[in-house]
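Remarks on the structure that follows.
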Amino acid sequence: MGILGRLGNVVKSYLNDENDTIFRRKGHGSGSGGSGRHGDPDLNAAYEELDDFLNGKEGGWKETAQERNVPAELLADFAELGLSAGASAAECKAAYKKLLKIHHPDRHAGNPEAMKKATEKTTRVNAAYGRIELWQKN
């Protein structure tokens, strides 16, 4: 569990503490009258957003390519792999393997023109993945 997960658990423990007068919730339990977990709708929304993030649901916080400082020359490499800029190492590796299976020259051995195109594509994919992998290691 990462630091954000641990921080989320701390926040949840404060919000769920029945003896804490600062974070005491109105409408706690099944008799809340449909008002949600808390009497404050903004607090309900924030708590749901935190739950979504901690459970890995879509719409949570994600780093953008700009936030990860992806160099401009790598944007084309991510596109070559069919990924958005700043994709994780696992996503890059999976896309790389998938493209190699599809475009491997041996799959096109009967057609010299298709084999040439496949060789060019695998060369570009290998080079792109190599540059991305090197950048991610640094």
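In the structure tokens, chains take letters A, B, ... by order of appearance, with residues numbered from 1 within each chain and ligands from 1 in the order shown.
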Query raised in the report: Quick one: residues within 12 Å of segment 85-97 of chain A, only C-alpha atoms counted, chain neighbours fewer than 5 positions away excluded, as a ChimeraX atom specification?
Result: /A:62-80,102-104,121-137
Please save C-alpha atoms of the selected residues as a PDB file, in the first residue's frame.
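File written: out-v2.pdb
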ATOM      1  CA  LYS A  62      -4.047  10.659 -12.569  1.00  0.00           C
ATOM      2  CA  GLU A  63      -0.760  12.177 -13.574  1.00  0.00           C
ATOM      3  CA  THR A  64      -0.725  13.818 -16.967  1.00  0.00           C
ATOM      4  CA  ALA A  65       2.214  13.677 -19.339  1.00  0.00           C
ATOM      5  CA  GLN A  66       3.059  17.263 -18.463  1.00  0.00           C
ATOM      6  CA  GLU A  67       3.109  16.447 -14.733  1.00  0.00           C
ATOM      7  CA  ARG A  68       5.453  13.524 -15.379  1.00  0.00           C
ATOM      8  CA  ASN A  69       7.680  15.778 -17.508  1.00  0.00           C
ATOM      9  CA  VAL A  70       7.541  13.564 -20.585  1.00  0.00           C
ATOM     10  CA  PRO A  71      10.101  14.889 -23.073  1.00  0.00           C
ATOM     11  CA  ALA A  72       8.614  16.044 -26.378  1.00  0.00           C
ATOM     12  CA  GLU A  73      10.700  13.548 -28.354  1.00  0.00           C
ATOM     13  CA  LEU A  74       9.051  10.653 -26.475  1.00  0.00           C
ATOM     14  CA  LEU A  75       5.503  11.690 -27.390  1.00  0.00           C
ATOM     15  CA  ALA A  76       5.906  10.072 -30.815  1.00  0.00           C
ATOM     16  CA  ASP A  77       7.269   6.920 -29.157  1.00  0.00           C
ATOM     17  CA  PHE A  78       4.217   6.602 -26.922  1.00  0.00           C
ATOM     18  CA  ALA A  79       2.033   7.132 -30.003  1.00  0.00           C
ATOM     19  CA  GLU A  80       3.983   4.411 -31.859  1.00  0.00           C
ATOM     20  CA  ILE A 102       0.972  -8.794 -34.453  1.00  0.00           C
ATOM     21  CA  HIS A 103       3.784  -7.410 -36.621  1.00  0.00           C
ATOM     22  CA  HIS A 104       6.505 -10.031 -36.228  1.00  0.00           C
ATOM     23  CA  LYS A 121       7.188  -1.722 -37.965  1.00  0.00           C
ATOM     24  CA  THR A 122       8.962  -3.989 -35.450  1.00  0.00           C
ATOM     25  CA  THR A 123      12.120  -1.889 -35.836  1.00  0.00           C
ATOM     26  CA  ARG A 124      10.157   1.278 -34.997  1.00  0.00           C
ATOM     27  CA  VAL A 125       8.360  -0.439 -32.090  1.00  0.00           C
ATOM     28  CA  ASN A 126      11.631  -1.793 -30.667  1.00  0.00           C
ATOM     29  CA  ALA A 127      13.300   1.606 -30.896  1.00  0.00           C
ATOM     30  CA  ALA A 128      10.314   3.406 -29.338  1.00  0.00           C
ATOM     31  CA  TYR A 129      10.032   0.938 -26.467  1.00  0.00           C
ATOM     32  CA  GLY A 130      13.789   1.098 -25.851  1.00  0.00           C
ATOM     33  CA  ARG A 131      13.723   4.900 -25.551  1.00  0.00           C
ATOM     34  CA  ILE A 132      10.663   4.853 -23.288  1.00  0.00           C
ATOM     35  CA  GLU A 133      12.142   2.131 -21.091  1.00  0.00           C
ATOM     36  CA  LEU A 134      15.397   4.066 -20.736  1.00  0.00           C
ATOM     37  CA  TRP A 135      13.499   7.244 -19.820  1.00  0.00           C
ATOM     38  CA  GLN A 136      11.343   5.412 -17.251  1.00  0.00           C
ATOM     39  CA  LYS A 137      14.400   3.931 -15.539  1.00  0.00           C
TER      40      LYS A 137
END
Query - Point-to-point distance from atom CA of Tyr47 of chain A to atom CA of Gly8 of chain A, Å rounded to tenths - result: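 Between these atoms lies a distance of 9.9 Å.
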Report task. Kindly give the distance, in Å, that separates atom CA of Pro105 of chain A and atom CA of Ser84 of chain A, rounded to a single decimal. Result ->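 Between atom CA of Pro105 of chain A and atom CA of Ser84 of chain A the gap is 26.0 Å.
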Report task. Work out how far apart atom CA of Gly82 of chain A and atom CA of Gly110 of chain A are and give it in Å to one decimal. Result ->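 Computing it gives 27.0 Å between the two atoms.
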Query - Polymer residues at most 12 Å from Asn9 of chain A, only C-alpha atoms, same-chain spacing of 6 or more positions, as an MDAnalysis selection string - result: chainID A and resid 1:3 15:16 47 50:51 53:55
What does the file look like for those residues with N, CA and C atoms, as an mmCIF file, in the first residue's frame?
data_model
loop_
_atom_site.group_PDB
_atom_site.id
_atom_site.type_symbol
_atom_site.label_atom_id
_atom_site.label_comp_id
_atom_site.auth_asym_id
_atom_site.auth_seq_id
_atom_site.Cartn_x
_atom_site.Cartn_y
_atom_site.Cartn_z
ATOM 1 N N MET A 1 0.853 -1.169 0.000
ATOM 2 C CA MET A 1 0.000 0.000 0.000
ATOM 3 C C MET A 1 0.892 1.221 0.000
ATOM 4 N N GLY A 2 0.590 2.154 -0.903
ATOM 5 C CA GLY A 2 1.384 3.358 -1.031
ATOM 6 C C GLY A 2 1.032 4.392 0.025
ATOM 7 N N ILE A 3 1.733 5.485 -0.039
ATOM 8 C CA ILE A 3 1.537 6.539 0.955
ATOM 9 C C ILE A 3 0.135 7.141 0.862
ATOM 10 N N LEU A 15 -12.834 10.032 10.060
ATOM 11 C CA LEU A 15 -14.235 10.244 9.693
ATOM 12 C C LEU A 15 -15.157 9.211 10.319
ATOM 13 N N ASN A 16 -14.641 8.041 10.606
ATOM 14 C CA ASN A 16 -15.466 6.974 11.162
ATOM 15 C C ASN A 16 -15.408 6.898 12.684
ATOM 16 N N TYR A 47 -15.889 12.567 0.396
ATOM 17 C CA TYR A 47 -15.669 11.222 0.907
ATOM 18 C C TYR A 47 -15.835 10.189 -0.206
ATOM 19 N N LEU A 50 -12.796 10.281 -2.418
ATOM 20 C CA LEU A 50 -11.688 9.591 -1.761
ATOM 21 C C LEU A 50 -11.858 8.078 -1.881
ATOM 22 N N ASP A 51 -13.069 7.587 -1.672
ATOM 23 C CA ASP A 51 -13.332 6.158 -1.825
ATOM 24 C C ASP A 51 -13.024 5.690 -3.244
ATOM 25 N N PHE A 53 -10.990 7.022 -5.423
ATOM 26 C CA PHE A 53 -9.549 7.033 -5.646
ATOM 27 C C PHE A 53 -8.882 5.829 -4.995
ATOM 28 N N LEU A 54 -9.239 5.554 -3.741
ATOM 29 C CA LEU A 54 -8.610 4.456 -3.022
ATOM 30 C C LEU A 54 -8.967 3.107 -3.611
ATOM 31 N N ASN A 55 -10.122 3.006 -4.237
ATOM 32 C CA ASN A 55 -10.550 1.752 -4.854
ATOM 33 C C ASN A 55 -10.127 1.662 -6.313
#
